[in-house]
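S.K.: Structure provided below as structure tokens; questions to follow.
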Amino acid sequence: MAAPLGTGARARETGHEKQDMQEKDPITPERAEELKLKAKYPSLGQKPGGSDFLMKRLQKGYFDSGDYNMAKAKMKNKQLPSTGPDKNLVTGDHIPTPQDLPQRKSSLVTSKLAGGTHGQV
Amino acid sequence: MAGVAGGGGVGGSNDFQWCFSQVKGAIDEDVAEADIISTVEFNYSGDLLATGDKGGRVVIFQREQENKSRPHSRGEYNVYSTFQSHEPEFDYLKSLEIEEKINKIRWLPQQNAAHFLLSTNDKTIKLWKISERDKRAEGYNLKDEDGRLRDPFRITALRVPILKPMDLMVEASPRRIFANAHTYHINSISVNSDHETYLSADDLRINLWHLEITDRSFNIVDIKPANMEELTEVITAAEFHPHHCNVFVYSSSKGTIRLCDMRSSALCDRHSKFFEEPEDPSSRSFFSEIISSISDVKFSHSGRYMMTRDYLSVKVWDLNMENRPVETYQVHEYLRSKLCSLYENDCIFDKFECCWNGSDSAIMTGSYNNFFRMFDRNTRRDVTLEASRESSKPRAVLKPRKVCTGGKRKKDEISVDSLDFNKKILHTAWHPMENIIAVAATNNLYIFQDKIN
């Protein structure tokens with residue numbers, strides 16, 4: 001039994017419509033955001049955003065001071081600090097300090113919450 | 001602490017009108033990193049309010065007594081004491097800086113004239129004693145009033161020193177230092193209801209201390225896997241039950257809470273109860289686990305419930321029901337369609353805290369744009385308020401704010417894209433008995449009071 005003319009075309013159209021509807025199926029806003037992120041960073045790990053952050057969070061520091069210096073140098077993009085002693089110093093006269101030790105912050109500055117009337121009500 | 005409120009504790013967000021009371025801190029736009037407030041906590045009576053900041057300093061405010069001659073200053077909080085609690089350190093072995101930022105402050109219940117609090121940074125917990133001195137001895141024999149030593153050969157008579165009143169001086173001194181017990185960063189401390197012990201929690205372990213003993217602590221939870229590659233979750237917060245001294249809870253980065261009983265075993269790696277809300281698998285995404293991470297857990301004053309804060313919501317759990325929370329409140333659901341950018345600017349990792357009011361009828365938590373949210377558990381109504389200098393006129397009633405999620409923005413509404421994500425309210429505190437709240441907005445501390453109060 002031959003199908004009436006036009007049915008085939010209609011059938012195909014219906015097929016198309018079905019496909020369209022599936023693509024237009026509402027994705028959750030979270031999924032949409034995920035697709036956006038993956039589009040920006042295609043190399044983002046396949047595992048859900050959990051363990052990578054945990055490891056980063058728990059990173060306990062560096063294997064040794066050399067490792068630490070390398071990491072700092074990479075971050076600041078400057079030359080690696082020299083590993084040899086400063087040739088200008090006489091051995092024993094000075095105790096060498098690592099150049100990248102953080103400056104000890106002053107602990108005598110009073111909190112602005114406690115000081116003065118400026119801004120206080 | 002009893003759950004029954006004193007005066008005016010019933011009801012919550014919409015039964016009362018919140019008014020601006022005070023703001024502390026500098027006005028200038030340039031905020032120094034050290035001035036960023038990192039913790040806020042009322043003591044048990046609510047008379048003292050402590051703040052800790054990134055610079056390792058603690059500032060304690062005291063509520064003024066009611067004074068008929070100055071009616072407007074009734075209930076105002078003024079500076080009582082300030083001290084440097086922690087200083088920056090350098091761990092030479094691991095080449096790591098140890099931040100002086102105060103992560104948490106917890107008060108001890110008052111037992112004598114002095115006040116005690118615990119303050120902690122990433123590695124070390126300290127017990128501070130804050131005491132008043134209002135008398136001074138005068139008439140010493142061996143030294144003058146200005147302190148210079150007298151020549152002993154010139155002393156011909158002896159006198160008894162007498163106590164004279166002096167201007168009130170408040171002194172803070174460190175009484176105990178609890179150090180070297182945490183490999184990872186301390187996120188919580190909690191004083192036990194026995195008033196003798198307390199717990200401290202880091203990413204992987206929880207330790208139990210006795211307040212008198214600093215050279216020893218008991219490890220009660222250890223979730224560190226033998227192989228770190230197998231690590232799947234970390235501890236995010238922990239708290240002791242308010243009445244049962246053997247019970248505590250800890251929350252995880254996977255959105256679960258475990259309740260442990262110290263009477264059942266010495267090492268509480270196995271929980272007594274496990275709280276988790278089942279997830280809809282079809283809605284799972286890359287962000288699901290990150291936004292389910294619990295940033296704060298707090299028992300209700302009654303001890304019957306606990307509240308957890310994750311990135312987008314606050315949940316109230318009945319301790320007798322483990323399979324789902326009894327109440328869920330959306331804090332800023334409109335951010336769900338902004339998760340991509342919030343991930344890129346790291347805001348998705350912000351750790352918001354939450355708190356109960358004295359009668360457990362209302363809860364409060366912070367958001368962005370210096371907004372904070374209050375939920376009334378009885379009426380199910382909620383309100384969004386803002387901590388800003390613009391609405392800082394004395395006793396001015398705070399106007400509710402509204403975020404417009406799409407389409408037409410009404411007048412006075414703010415669109416999601418206009419929100420300032422650098423203005424985050426992570427720390428809030430509610431007076432244990434009255435309707436007074438303290439809200440930390442970066443480097444400023446706002447105090448709001450209920451009008452009827």
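Labeling convention for the structure tokens: chains A, B, ... as they appear, residues from 1 per chain, ligands from 1 in order of appearance.
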Dump as a ChimeraX atom specification the residues of chain B that approach chain A to within 8 Å, counting only C-alpha atoms.

M.R.: /B:22-27,35,57,59,79,82-84,87-88,93-96,184,203,231-234,283-290,336-340,444-445

S.K.: Selection from above, N, CA, C and O atoms, as a short mmCIF file (atom, residue, chain, number, x, y, z; two decimals), in the first residue's frame, can you write it?

M.R.:
```
data_model
loop_
_atom_site.label_atom_id
_atom_site.label_comp_id
_atom_site.auth_asym_id
_atom_site.auth_seq_id
_atom_site.Cartn_x
_atom_site.Cartn_y
_atom_site.Cartn_z
N GLN B 22 25.04 51.23 64.93
CA GLN B 22 26.42 51.73 64.90
C GLN B 22 27.20 51.13 63.75
O GLN B 22 26.84 50.07 63.24
N VAL B 23 28.29 51.79 63.38
CA VAL B 23 29.24 51.20 62.44
C VAL B 23 30.65 51.51 62.95
O VAL B 23 30.93 52.61 63.42
N LYS B 24 31.51 50.50 62.90
CA LYS B 24 32.89 50.66 63.37
C LYS B 24 33.82 50.42 62.20
O LYS B 24 33.58 49.55 61.37
N GLY B 25 34.90 51.17 62.16
CA GLY B 25 35.89 50.96 61.12
C GLY B 25 36.07 52.18 60.26
O GLY B 25 35.28 53.12 60.30
N ALA B 26 37.10 52.17 59.43
CA ALA B 26 37.42 53.33 58.60
C ALA B 26 36.51 53.42 57.39
O ALA B 26 36.01 52.40 56.89
N ILE B 27 36.32 54.66 56.93
CA ILE B 27 35.44 54.88 55.78
C ILE B 27 36.18 54.70 54.46
O ILE B 27 35.61 54.36 53.45
N ASP B 35 42.95 44.83 57.87
CA ASP B 35 41.74 45.31 58.52
C ASP B 35 40.50 44.49 58.19
O ASP B 35 39.42 44.75 58.73
N ARG B 57 44.58 40.71 64.93
CA ARG B 57 44.17 41.50 66.09
C ARG B 57 42.75 41.15 66.52
O ARG B 57 41.92 40.78 65.70
N VAL B 59 39.50 42.80 68.66
CA VAL B 59 38.91 43.99 69.27
C VAL B 59 37.64 43.54 69.97
O VAL B 59 36.82 42.84 69.38
N VAL B 79 34.47 50.32 72.44
CA VAL B 79 35.68 49.52 72.56
C VAL B 79 36.01 49.26 74.03
O VAL B 79 36.02 50.17 74.85
N THR B 82 41.58 45.81 73.15
CA THR B 82 42.10 45.36 71.87
C THR B 82 43.52 44.85 72.06
O THR B 82 44.27 45.39 72.87
N PHE B 83 43.85 43.79 71.37
CA PHE B 83 45.19 43.23 71.52
C PHE B 83 45.59 42.44 70.28
O PHE B 83 44.74 42.04 69.48
N GLN B 84 46.88 42.24 70.15
CA GLN B 84 47.41 41.44 69.05
C GLN B 84 47.39 40.00 69.51
O GLN B 84 48.14 39.61 70.39
N GLU B 87 50.64 36.53 65.56
CA GLU B 87 51.55 37.24 64.67
C GLU B 87 51.94 36.32 63.53
O GLU B 87 51.86 35.10 63.65
N PRO B 88 52.37 36.92 62.41
CA PRO B 88 52.76 36.07 61.28
C PRO B 88 53.99 35.24 61.64
O PRO B 88 54.87 35.70 62.35
N LEU B 93 60.72 24.61 58.12
CA LEU B 93 60.82 23.24 57.63
C LEU B 93 60.08 23.05 56.31
O LEU B 93 60.56 22.40 55.39
N LYS B 94 58.90 23.64 56.23
CA LYS B 94 58.10 23.45 55.02
C LYS B 94 58.12 24.67 54.10
O LYS B 94 57.43 24.68 53.07
N SER B 95 58.88 25.69 54.49
CA SER B 95 58.93 26.93 53.71
C SER B 95 57.52 27.46 53.48
O SER B 95 57.10 27.70 52.36
N LEU B 96 56.82 27.62 54.56
CA LEU B 96 55.43 28.06 54.48
C LEU B 96 55.20 29.23 55.41
O LEU B 96 55.64 29.22 56.55
N TYR B 184 47.26 20.55 59.22
CA TYR B 184 46.48 21.29 58.22
C TYR B 184 45.85 22.51 58.87
O TYR B 184 46.01 22.74 60.05
N ASP B 203 41.47 20.48 58.25
CA ASP B 203 40.90 19.85 57.06
C ASP B 203 40.70 18.34 57.19
O ASP B 203 39.80 17.77 56.59
N LEU B 231 42.07 10.88 48.46
CA LEU B 231 41.33 11.89 49.21
C LEU B 231 40.13 12.38 48.41
O LEU B 231 40.25 12.79 47.26
N THR B 232 38.97 12.33 49.03
CA THR B 232 37.77 12.79 48.32
C THR B 232 37.04 13.91 49.05
O THR B 232 36.25 14.63 48.45
N GLU B 233 37.26 14.02 50.35
CA GLU B 233 36.57 15.09 51.05
C GLU B 233 37.39 15.57 52.24
O GLU B 233 38.26 14.87 52.73
N VAL B 234 37.10 16.82 52.66
CA VAL B 234 37.78 17.38 53.82
C VAL B 234 36.74 17.86 54.83
O VAL B 234 35.57 18.06 54.51
N SER B 283 20.41 16.35 37.82
CA SER B 283 20.81 17.75 37.91
C SER B 283 22.29 17.91 38.22
O SER B 283 22.77 19.00 38.46
N ARG B 284 23.01 16.80 38.19
CA ARG B 284 24.42 16.85 38.56
C ARG B 284 25.23 17.60 37.51
O ARG B 284 25.01 17.46 36.32
N SER B 285 26.21 18.39 37.97
CA SER B 285 27.07 19.11 37.03
C SER B 285 28.46 19.22 37.64
O SER B 285 28.70 18.77 38.75
N PHE B 286 29.35 19.83 36.92
CA PHE B 286 30.71 20.06 37.39
C PHE B 286 30.70 20.83 38.71
O PHE B 286 31.56 20.64 39.55
N PHE B 287 29.71 21.68 38.88
CA PHE B 287 29.67 22.54 40.06
C PHE B 287 29.01 21.91 41.27
O PHE B 287 29.13 22.43 42.38
N SER B 288 28.29 20.81 41.05
CA SER B 288 27.46 20.25 42.13
C SER B 288 28.20 20.07 43.43
O SER B 288 27.73 20.48 44.49
N GLU B 289 29.37 19.42 43.35
CA GLU B 289 30.07 19.15 44.60
C GLU B 289 30.60 20.43 45.25
O GLU B 289 30.55 20.59 46.47
N ILE B 290 31.10 21.34 44.42
CA ILE B 290 31.66 22.57 44.97
C ILE B 290 30.59 23.35 45.72
O ILE B 290 30.83 23.85 46.82
N ARG B 336 22.77 30.72 40.61
CA ARG B 336 22.96 29.42 39.97
C ARG B 336 23.27 29.56 38.49
O ARG B 336 24.00 28.75 37.91
N SER B 337 22.74 30.60 37.86
CA SER B 337 23.04 30.79 36.44
C SER B 337 24.24 31.69 36.24
O SER B 337 24.49 32.18 35.14
N LYS B 338 25.03 31.89 37.29
CA LYS B 338 26.25 32.67 37.18
C LYS B 338 27.46 31.87 37.64
O LYS B 338 28.54 32.42 37.86
N LEU B 339 27.26 30.57 37.82
CA LEU B 339 28.31 29.75 38.43
C LEU B 339 29.61 29.77 37.64
O LEU B 339 30.70 29.67 38.22
N CYS B 340 29.51 29.89 36.33
CA CYS B 340 30.73 29.91 35.52
C CYS B 340 31.62 31.07 35.91
O CYS B 340 32.81 30.89 36.19
N ASN B 444 34.44 46.86 57.93
CA ASN B 444 33.52 47.59 58.81
C ASN B 444 32.63 46.63 59.58
O ASN B 444 32.22 45.59 59.06
N LEU B 445 32.33 47.03 60.82
CA LEU B 445 31.41 46.22 61.63
C LEU B 445 30.14 47.04 61.84
O LEU B 445 30.19 48.13 62.40
#
```

S.K.: Using DSSP assignments from the backbone, pull out every residue in stretch 242-316 of chain B that falls under strand (DSSP E or B) and give it to me as a list in words.

M.R.: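 Taking stretch 242-316 of chain B and keeping strand (DSSP E or B) gives Val247, Phe248, Val249, Tyr250, Ser251, Ser252, Ile257, Arg258, Leu259, Cys260, Asp261, Lys273, Phe274, Phe275, Asp296, Val297, Lys298, Phe299, Tyr305, Met306, Met307, Thr308, Arg309, Ser313, Val314, Lys315 and Val316 of chain B.
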
S.K.: Those residues you just picked out, can you put them in a file as a PDB file, in the first residue's frame with N, CA and C atoms?

M.R.:
```pdb
ATOM      1  N   VAL B 247      28.739  14.661  72.533  1.00  0.00           N
ATOM      2  CA  VAL B 247      28.300  14.693  71.136  1.00  0.00           C
ATOM      3  C   VAL B 247      28.869  15.905  70.402  1.00  0.00           C
ATOM      4  N   PHE B 248      29.358  15.655  69.186  1.00  0.00           N
ATOM      5  CA  PHE B 248      29.765  16.765  68.327  1.00  0.00           C
ATOM      6  C   PHE B 248      29.440  16.404  66.889  1.00  0.00           C
ATOM      7  N   VAL B 249      29.438  17.404  66.022  1.00  0.00           N
ATOM      8  CA  VAL B 249      29.207  17.164  64.598  1.00  0.00           C
ATOM      9  C   VAL B 249      30.346  17.764  63.795  1.00  0.00           C
ATOM     10  N   TYR B 250      30.571  17.204  62.603  1.00  0.00           N
ATOM     11  CA  TYR B 250      31.470  17.865  61.670  1.00  0.00           C
ATOM     12  C   TYR B 250      30.917  17.736  60.259  1.00  0.00           C
ATOM     13  N   SER B 251      31.125  18.794  59.485  1.00  0.00           N
ATOM     14  CA  SER B 251      30.597  18.853  58.123  1.00  0.00           C
ATOM     15  C   SER B 251      31.739  18.641  57.134  1.00  0.00           C
ATOM     16  N   SER B 252      31.380  18.323  55.896  1.00  0.00           N
ATOM     17  CA  SER B 252      32.400  18.027  54.896  1.00  0.00           C
ATOM     18  C   SER B 252      32.221  18.842  53.630  1.00  0.00           C
ATOM     19  N   ILE B 257      27.061  15.711  56.875  1.00  0.00           N
ATOM     20  CA  ILE B 257      27.365  16.009  58.276  1.00  0.00           C
ATOM     21  C   ILE B 257      27.407  14.703  59.041  1.00  0.00           C
ATOM     22  N   ARG B 258      28.405  14.557  59.871  1.00  0.00           N
ATOM     23  CA  ARG B 258      28.509  13.359  60.703  1.00  0.00           C
ATOM     24  C   ARG B 258      28.393  13.761  62.159  1.00  0.00           C
ATOM     25  N   LEU B 259      27.558  13.038  62.885  1.00  0.00           N
ATOM     26  CA  LEU B 259      27.404  13.271  64.309  1.00  0.00           C
ATOM     27  C   LEU B 259      28.152  12.159  65.020  1.00  0.00           C
ATOM     28  N   CYS B 260      28.993  12.518  65.971  1.00  0.00           N
ATOM     29  CA  CYS B 260      29.811  11.526  66.656  1.00  0.00           C
ATOM     30  C   CYS B 260      29.561  11.546  68.145  1.00  0.00           C
ATOM     31  N   ASP B 261      29.699  10.369  68.750  1.00  0.00           N
ATOM     32  CA  ASP B 261      29.482  10.219  70.189  1.00  0.00           C
ATOM     33  C   ASP B 261      30.783   9.729  70.806  1.00  0.00           C
ATOM     34  N   LYS B 273      25.687   9.174  63.514  1.00  0.00           N
ATOM     35  CA  LYS B 273      24.640   9.540  62.551  1.00  0.00           C
ATOM     36  C   LYS B 273      25.290  10.198  61.339  1.00  0.00           C
ATOM     37  N   PHE B 274      24.664   9.998  60.198  1.00  0.00           N
ATOM     38  CA  PHE B 274      25.190  10.527  58.943  1.00  0.00           C
ATOM     39  C   PHE B 274      24.080  11.267  58.222  1.00  0.00           C
ATOM     40  N   PHE B 275      24.253  12.585  58.071  1.00  0.00           N
ATOM     41  CA  PHE B 275      23.214  13.410  57.474  1.00  0.00           C
ATOM     42  C   PHE B 275      23.605  13.765  56.054  1.00  0.00           C
ATOM     43  N   ASP B 296      29.583  26.158  57.034  1.00  0.00           N
ATOM     44  CA  ASP B 296      29.361  26.404  58.452  1.00  0.00           C
ATOM     45  C   ASP B 296      28.308  25.439  58.968  1.00  0.00           C
ATOM     46  N   VAL B 297      28.454  25.009  60.206  1.00  0.00           N
ATOM     47  CA  VAL B 297      27.427  24.192  60.860  1.00  0.00           C
ATOM     48  C   VAL B 297      27.233  24.727  62.278  1.00  0.00           C
ATOM     49  N   LYS B 298      25.958  24.924  62.667  1.00  0.00           N
ATOM     50  CA  LYS B 298      25.666  25.488  63.982  1.00  0.00           C
ATOM     51  C   LYS B 298      24.477  24.756  64.602  1.00  0.00           C
ATOM     52  N   PHE B 299      24.652  24.325  65.830  1.00  0.00           N
ATOM     53  CA  PHE B 299      23.525  23.756  66.553  1.00  0.00           C
ATOM     54  C   PHE B 299      22.562  24.870  66.949  1.00  0.00           C
ATOM     55  N   TYR B 305      18.111  20.934  66.808  1.00  0.00           N
ATOM     56  CA  TYR B 305      18.346  21.095  65.378  1.00  0.00           C
ATOM     57  C   TYR B 305      19.786  21.529  65.128  1.00  0.00           C
ATOM     58  N   MET B 306      20.182  21.412  63.871  1.00  0.00           N
ATOM     59  CA  MET B 306      21.425  22.045  63.478  1.00  0.00           C
ATOM     60  C   MET B 306      21.208  22.681  62.108  1.00  0.00           C
ATOM     61  N   MET B 307      22.005  23.704  61.830  1.00  0.00           N
ATOM     62  CA  MET B 307      21.841  24.427  60.569  1.00  0.00           C
ATOM     63  C   MET B 307      23.150  24.317  59.794  1.00  0.00           C
ATOM     64  N   THR B 308      23.054  24.127  58.460  1.00  0.00           N
ATOM     65  CA  THR B 308      24.262  24.095  57.637  1.00  0.00           C
ATOM     66  C   THR B 308      24.138  25.138  56.540  1.00  0.00           C
ATOM     67  N   ARG B 309      25.260  25.691  56.142  1.00  0.00           N
ATOM     68  CA  ARG B 309      25.290  26.675  55.065  1.00  0.00           C
ATOM     69  C   ARG B 309      26.129  26.108  53.932  1.00  0.00           C
ATOM     70  N   SER B 313      22.421  27.887  49.728  1.00  0.00           N
ATOM     71  CA  SER B 313      21.278  27.745  50.641  1.00  0.00           C
ATOM     72  C   SER B 313      21.688  27.525  52.083  1.00  0.00           C
ATOM     73  N   VAL B 314      20.685  27.624  52.967  1.00  0.00           N
ATOM     74  CA  VAL B 314      20.847  27.278  54.377  1.00  0.00           C
ATOM     75  C   VAL B 314      19.845  26.163  54.651  1.00  0.00           C
ATOM     76  N   LYS B 315      20.283  25.142  55.360  1.00  0.00           N
ATOM     77  CA  LYS B 315      19.391  24.023  55.653  1.00  0.00           C
ATOM     78  C   LYS B 315      19.315  23.785  57.145  1.00  0.00           C
ATOM     79  N   VAL B 316      18.114  23.508  57.609  1.00  0.00           N
ATOM     80  CA  VAL B 316      17.921  23.155  59.010  1.00  0.00           C
ATOM     81  C   VAL B 316      17.645  21.664  59.082  1.00  0.00           C
TER      82      VAL B 316
END
```

S.K.: Please, which residues of stretch 138-341 of chain B, numbered as in this document, come out helix (DSSP H, G or I) from DSSP, as an NGL selection string?

M.R.: :B and (152-154 or 228-230 or 281-283 or 288-292 or 333-341)

S.K.: Restricting the calculation to only C-alpha atoms: of B:Leu108, B:Ile155, B:Met321, B:Ala114, which residue gets closest to B:His195?

M.R.: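 For B:His195, the nearest of the candidates is B:Leu108.
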